[in-house]
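Take a look at the structure set out below.
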Amino acid sequence: MNKLIKMIMVILLLGAILVCVEVTCWADFEDLGVGARPIGMGNAYTALADDVNAIYYNPAGLAQLDESQFTSGYGKLYWGLDDGSNLGSGFVGYAHPLYHWGTLGVGWLNFGLQGLYRENSFILSYGNTLKKKLLAGLNLKLLSKKYGKTLYTENALIDGGPGVTGERDPVFSKGYSKTGFSTDLGLLYKFNREYSIGLSLIDINQPHMDLKDNKSRVPIGIRSGFLYNSDFLTFAFDTTFRNGDVNIYSGAEKWFSNRTFGVRAGLGVGSRRFSNLALGASYAKYLFQFDYAFLYPLSGIRDTYGSHRISLTLRFAPEKEEKKKTREKRLAEIAAERAARVELAKIREKEAKMVEERRKIEIARNYYKEAIEVYRNGLYSESLGKLRFAVELDPKRPEIQDLFKKLSSIADVISKEIGLEREAELIRTGVSYYIEEKPRKAITTLQYAFEFAPKNKEIPRLLNVLKREYPAIAEQEKISEGMTLVEQKMYRALNYLYEDRSDLAIVECQEVLELEPNNTLALSRLGSAYYVIGQKEKAKELWLKVLEIDPENKEVLESLRKEGIIPPKKKPKAPSKREEMKKEFEKSLGYYRRVEKSLDIDGRIELLQSITDKFKPSGIERSRLEKELRELKREKEKKKVKVGKEEKETKVPRPALPPEVKVPSEGKLISIKEEIRQKFREGISDYKKGDYNEAIAKWEEVVKVRSDDAELKKLIEKAKAKIAKTKEKKVKKMKKHYTRAVAYYKKRRWGDAMAELEEVLKLEQKHKQSKALMKRIEEKIWLTAQEERKKNMDEYYNAGLIYFGKGEYEKAIAEFEKVLKLEPIHLQAQRLIKEAMEKAKK
């Protein structure tokens, strides 16, 4: 292998030396290219050379042929020249593989100007494989050129003067034609199936081909090339060196429909303003191929329609089965890879959409849960806001849509109900019944609330919402004139008992007890209803409960005596009023703790104030609650002062109207002067402390009196400049923290991002971008926590299944209980715990 590399280096060095040899002229046997396919690629063919055209471009390429090939082509050059020149070029070639002995080829190249000049090149070509990846080739050429007899050749011009001699031109004294022999050498190295490089040395012996001066030779040419050849695109790049000129060619080729249709393009640029554009196309079946190329000069020759080339290539052996199978297999593999990539991309896109959908559904579900909790606490507008997010994220979920529809109706009437009074509690309960699809209970609860608070304007409007949606039920529950809701229900229960319809009587009594748990008449009649249907123990239990509330109830005492039950003589101890008040206080405080996070500072102050006022006479310990209330009020005052300062900084103070001027007495004049001096000194003190707004305010009062004091005005301007500078620093600092927050957000460092955003909000509480980003980060943190929770839950659940399968039920129960801590409504875990307990007992 080393010897081979040395040989290649020697050939290249020899070619370089020969290029440097000085030559006097070069006009014969120019490189015009052959074959429409190579020309369509801009003549970049040295490293490709995979067909019979290799005879001309690189004879080493002949070793790649598996079958005999014949080509014939013709080109019409530079159509449309104004002198009517008829330039043409043709090539005929044939290559025949000798299998283990390489490939032999012959070719004939012709170029001519009709009636004036003609060149012919007869080529004997041979190519073979030297090593596994290295191919080599050799051309032996017979070169011939001939001039036609014309008026100019037969009448020589007189040197140094006008006129002609009437004799043959001395250039043609030895004849009109010339013949010579030349040699080409080609090398091709294939790195792999896709990459190759090629080298071709043309006219190595530099033959003498002029008619008169034997010092002139056909110059040597060196052509080197690079190739990238994939299944979908071929790209070639060639460089030629000849007689001091350097030209660069590049071309690309693309085949379609299993190599039936091909298109190509090429570009050539180089010395002496050389530049050409080439385009080409092919139609091929295996046994033949038709090619067309168009070549247009971008510089040099003008006013031409370009050159047109056509060629036909024939193959004289069917494609080898092995080669055909390999090619088809490769194409099938590529098609499969491409299809797999497309399918994988679709799967990933689908997975990404599914993950995004799951994320949206999860967030929507949490908004939905939060909305339920919030509306149960009476915050209807806030609950509706959360539901809007849920609807946007998961618009197809029916329960979210239903809840949104119902809450919209409620929020139009009442935005919130957070009172501690009985009527407020009843309104919250009634609205909850309505949303939970219990219209009968909702209507009766709101009717009862209206009896408690007949001046409340919102309850009738809420009842109207229910009547519009459930007109039949509303008509059934209509209260008769002159009766209360409880009286009507007790009357109905009694009638149902008389009619032996105890089941309906039970319903009426239970509805009353939901409103008034200690209503003895409802308890008594409920007991009677149960007694009628045979549930005597239940009836006795209810009657005894009546006696706990009203020990002298004669009707109940009589019913118990009939059953042979002696009522207890000892009267039950009734709960003290203090205990009842304490329970009520704890209930109110519990409600406040549930809703405090959803309320603003004014709402919290209002609710806490109402709790302390309500339970002040009871003597219940409220010191901690009052302390919390004072702290909230102080926080509100601080915010109010801070907002006032910010408004002062941002707004230009309006000049105050001067008061009516009265002539002061001498004593008053002295005191005014002293006051002005004091204001000035205070302004100086504020300025030193950095409180520039206060300093400006005091100095502006002084300016009203000392309007001609230029120094004081300068001080005011200086203070204003300080404020502007401070504000600029503040903005820069905010921008710095916000930029860091965004960077941390992109890196998923949520904690660091939140810390930076808090710094921004310390500087500017109303910074909208920071608040929006904070909200997004909170969602991301929540989502990450949910994903972590689900991951842990799955791990615990799978571990529990393994233990369950092994019969280790105690360990399984422990794992399933961990699942329930993370998801209390996990049905499978609940079921498996029961099964494991049963199996453990056995």
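How things are named: the first chain in the structure tokens is A, the next is B, and so on; residues count from 1 in each chain; ligands count from 1 in the order shown.
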
Worksheet item: Can you tell me, as a ChimeraX atom specification, what residues are no more than 12 Å from region 253-259 of chain A when counting only C-alpha atoms, ignoring any on the same chain fewer than 6 positions away?
Response: /A:37-42,44-45,48,227-237,265-266,278-286,289,324,327-328,330-332,335

Taking only C-alpha atoms into account, produce a table as a Markdown table in which each residue of region 363-476 of chain A with an atom at most 9 Å from an atom of region 588-604 of chain A appears once, together with its shortest atom pair and the distance in Å to one decimal, ordered by chain and rising number.
```
| residue | atom | partner | partner_atom | distance |
| --- | --- | --- | --- | --- |
| A:Val374 | CA | A:Val595 | CA | 7.6 |
| A:Asn377 | CA | A:Val595 | CA | 6.5 |
| A:Gly378 | CA | A:Val595 | CA | 8.7 |
| A:Leu379 | CA | A:Ser598 | CA | 8.1 |
| A:Glu382 | CA | A:Ser598 | CA | 8.0 |
| A:Ile418 | CA | A:Val595 | CA | 8.5 |
| A:Leu420 | CA | A:Ser588 | CA | 6.6 |
```

Discussion item. Write out as a PyMOL selection string the set of residues from region 576-635 of chain A that DSSP, computed on the backbone, places in helix (DSSP H, G or I).
Written reply: chain A and resi 577-598+601-614+623-635

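Distances here use only C-alpha atoms; by that measure, the residue among A:Tyr56, A:Phe680, A:Thr726, A:Arg273 closest to Gly93 (chain A) is A:Tyr56.
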
Discussion item. I'd like the neighbourhood of Met734 (chain A) as number ranges by chain, where a residue qualifies if any of its atoms comes within 12 Å (using only C-alpha atoms), though same-chain residues fewer than 5 positions away should be ignored.
Written reply: A: 727-729, 739-741, 756-765, 767, 769-770

Worksheet item: Near Tyr797 (chain A), within 7 Å and counting only C-alpha atoms, which residues show up once chain neighbours fewer than 6 positions away are dropped, as a VMD selection string?
Response: chain A and resid 815 to 816 819

Put those residues in a file: all heavy atoms, as a PDB file, in the first residue's frame.
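Ended up saving to again_27.pdb:
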```
ATOM      1  N   GLU A 815     -47.475  -0.728  51.544  1.00  0.00           N
ATOM      2  CA  GLU A 815     -47.219  -0.022  50.283  1.00  0.00           C
ATOM      3  C   GLU A 815     -48.480   0.644  49.746  1.00  0.00           C
ATOM      4  O   GLU A 815     -48.459   1.780  49.282  1.00  0.00           O
ATOM      5  CB  GLU A 815     -46.654  -0.990  49.229  1.00  0.00           C
ATOM      6  CG  GLU A 815     -45.268  -1.538  49.534  1.00  0.00           C
ATOM      7  CD  GLU A 815     -44.197  -0.464  49.579  1.00  0.00           C
ATOM      8  OE1 GLU A 815     -44.302   0.529  48.842  1.00  0.00           O
ATOM      9  OE2 GLU A 815     -43.247  -0.615  50.377  1.00  0.00           O
ATOM     10  N   PHE A 816     -49.617  -0.089  49.832  1.00  0.00           N
ATOM     11  CA  PHE A 816     -50.882   0.471  49.325  1.00  0.00           C
ATOM     12  C   PHE A 816     -51.326   1.663  50.173  1.00  0.00           C
ATOM     13  O   PHE A 816     -51.942   2.608  49.659  1.00  0.00           O
ATOM     14  CB  PHE A 816     -51.975  -0.604  49.288  1.00  0.00           C
ATOM     15  CG  PHE A 816     -51.744  -1.669  48.253  1.00  0.00           C
ATOM     16  CD1 PHE A 816     -51.972  -3.006  48.527  1.00  0.00           C
ATOM     17  CD2 PHE A 816     -51.288  -1.332  46.982  1.00  0.00           C
ATOM     18  CE1 PHE A 816     -51.755  -3.987  47.575  1.00  0.00           C
ATOM     19  CE2 PHE A 816     -51.075  -2.308  46.022  1.00  0.00           C
ATOM     20  CZ  PHE A 816     -51.292  -3.635  46.315  1.00  0.00           C
ATOM     21  N   VAL A 819     -49.711   4.628  48.913  1.00  0.00           N
ATOM     22  CA  VAL A 819     -50.420   5.117  47.717  1.00  0.00           C
ATOM     23  C   VAL A 819     -51.583   6.005  48.125  1.00  0.00           C
ATOM     24  O   VAL A 819     -51.793   7.092  47.578  1.00  0.00           O
ATOM     25  CB  VAL A 819     -50.922   3.933  46.852  1.00  0.00           C
ATOM     26  CG1 VAL A 819     -51.786   4.439  45.701  1.00  0.00           C
ATOM     27  CG2 VAL A 819     -49.751   3.130  46.298  1.00  0.00           C
TER      28      VAL A 819
END
```

Worksheet entry | Nearby residues (only C-alpha atoms) at most 9 Å from Phe70 (chain A), same-chain spacing under 2 positions excluded, as a PyMOL selection string | chain A and resi 52+68+72+92-96+312-316

Would you write out those residues with N, CA, C and O atoms, as a short mmCIF file (atom, residue, chain, number, x, y, z; two decimals), in the first residue's frame?
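Contents of again-v9.cif, as written:
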```cif
data_model
loop_
_atom_site.label_atom_id
_atom_site.label_comp_id
_atom_site.auth_asym_id
_atom_site.auth_seq_id
_atom_site.Cartn_x
_atom_site.Cartn_y
_atom_site.Cartn_z
N VAL A 52 -19.61 4.70 -20.08
CA VAL A 52 -18.69 4.68 -21.22
C VAL A 52 -18.01 6.03 -21.44
O VAL A 52 -16.93 6.10 -22.04
N SER A 68 -21.19 -4.27 -21.33
CA SER A 68 -20.75 -3.50 -22.50
C SER A 68 -21.68 -2.31 -22.70
O SER A 68 -22.90 -2.42 -22.50
N SER A 72 -23.43 7.46 -28.24
CA SER A 72 -23.30 8.33 -29.41
C SER A 72 -23.94 9.65 -29.07
O SER A 72 -25.07 9.67 -28.57
N VAL A 92 -18.45 9.20 -30.30
CA VAL A 92 -18.93 7.83 -30.36
C VAL A 92 -17.98 6.99 -29.52
O VAL A 92 -16.75 7.09 -29.69
N GLY A 93 -18.51 6.17 -28.62
CA GLY A 93 -17.64 5.37 -27.76
C GLY A 93 -18.23 4.01 -27.47
O GLY A 93 -19.45 3.83 -27.46
N TYR A 94 -17.33 3.06 -27.23
CA TYR A 94 -17.77 1.71 -26.90
C TYR A 94 -16.82 1.15 -25.85
O TYR A 94 -15.60 1.29 -25.95
N ALA A 95 -17.38 0.53 -24.81
CA ALA A 95 -16.56 -0.08 -23.75
C ALA A 95 -17.01 -1.52 -23.56
O ALA A 95 -18.22 -1.81 -23.53
N HIS A 96 -16.01 -2.41 -23.38
CA HIS A 96 -16.31 -3.84 -23.26
C HIS A 96 -15.52 -4.43 -22.09
O HIS A 96 -14.30 -4.45 -22.11
N LEU A 312 -27.18 9.26 -26.65
CA LEU A 312 -27.91 8.03 -26.41
C LEU A 312 -26.89 6.96 -25.99
O LEU A 312 -25.88 6.76 -26.66
N THR A 313 -27.16 6.31 -24.88
CA THR A 313 -26.28 5.25 -24.36
C THR A 313 -27.05 3.93 -24.35
O THR A 313 -28.19 3.87 -23.87
N LEU A 314 -26.40 2.87 -24.88
CA LEU A 314 -27.00 1.54 -24.92
C LEU A 314 -26.17 0.59 -24.07
O LEU A 314 -24.95 0.67 -24.04
N ARG A 315 -26.85 -0.30 -23.38
CA ARG A 315 -26.18 -1.34 -22.60
C ARG A 315 -26.53 -2.68 -23.21
O ARG A 315 -27.71 -2.97 -23.48
N PHE A 316 -25.51 -3.53 -23.39
CA PHE A 316 -25.70 -4.75 -24.17
C PHE A 316 -25.83 -6.01 -23.32
O PHE A 316 -25.69 -7.11 -23.82
#
```

Fill in: Asn464 (chain A) environment, 12 Å, only C-alpha atoms, sequence neighbours closer than 4 positions dropped, as an NGL selection string
:A and (409-410 or 413 or 442-443 or 446-447 or 457-460 or 468-471 or 474-475)

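Comparing the minimum interatomic distances between Cys509 (chain A) and each of A:Lys133, A:Arg492, A:Lys149, A:Arg440, counting only C-alpha atoms, we find that A:Arg492 sits nearest.
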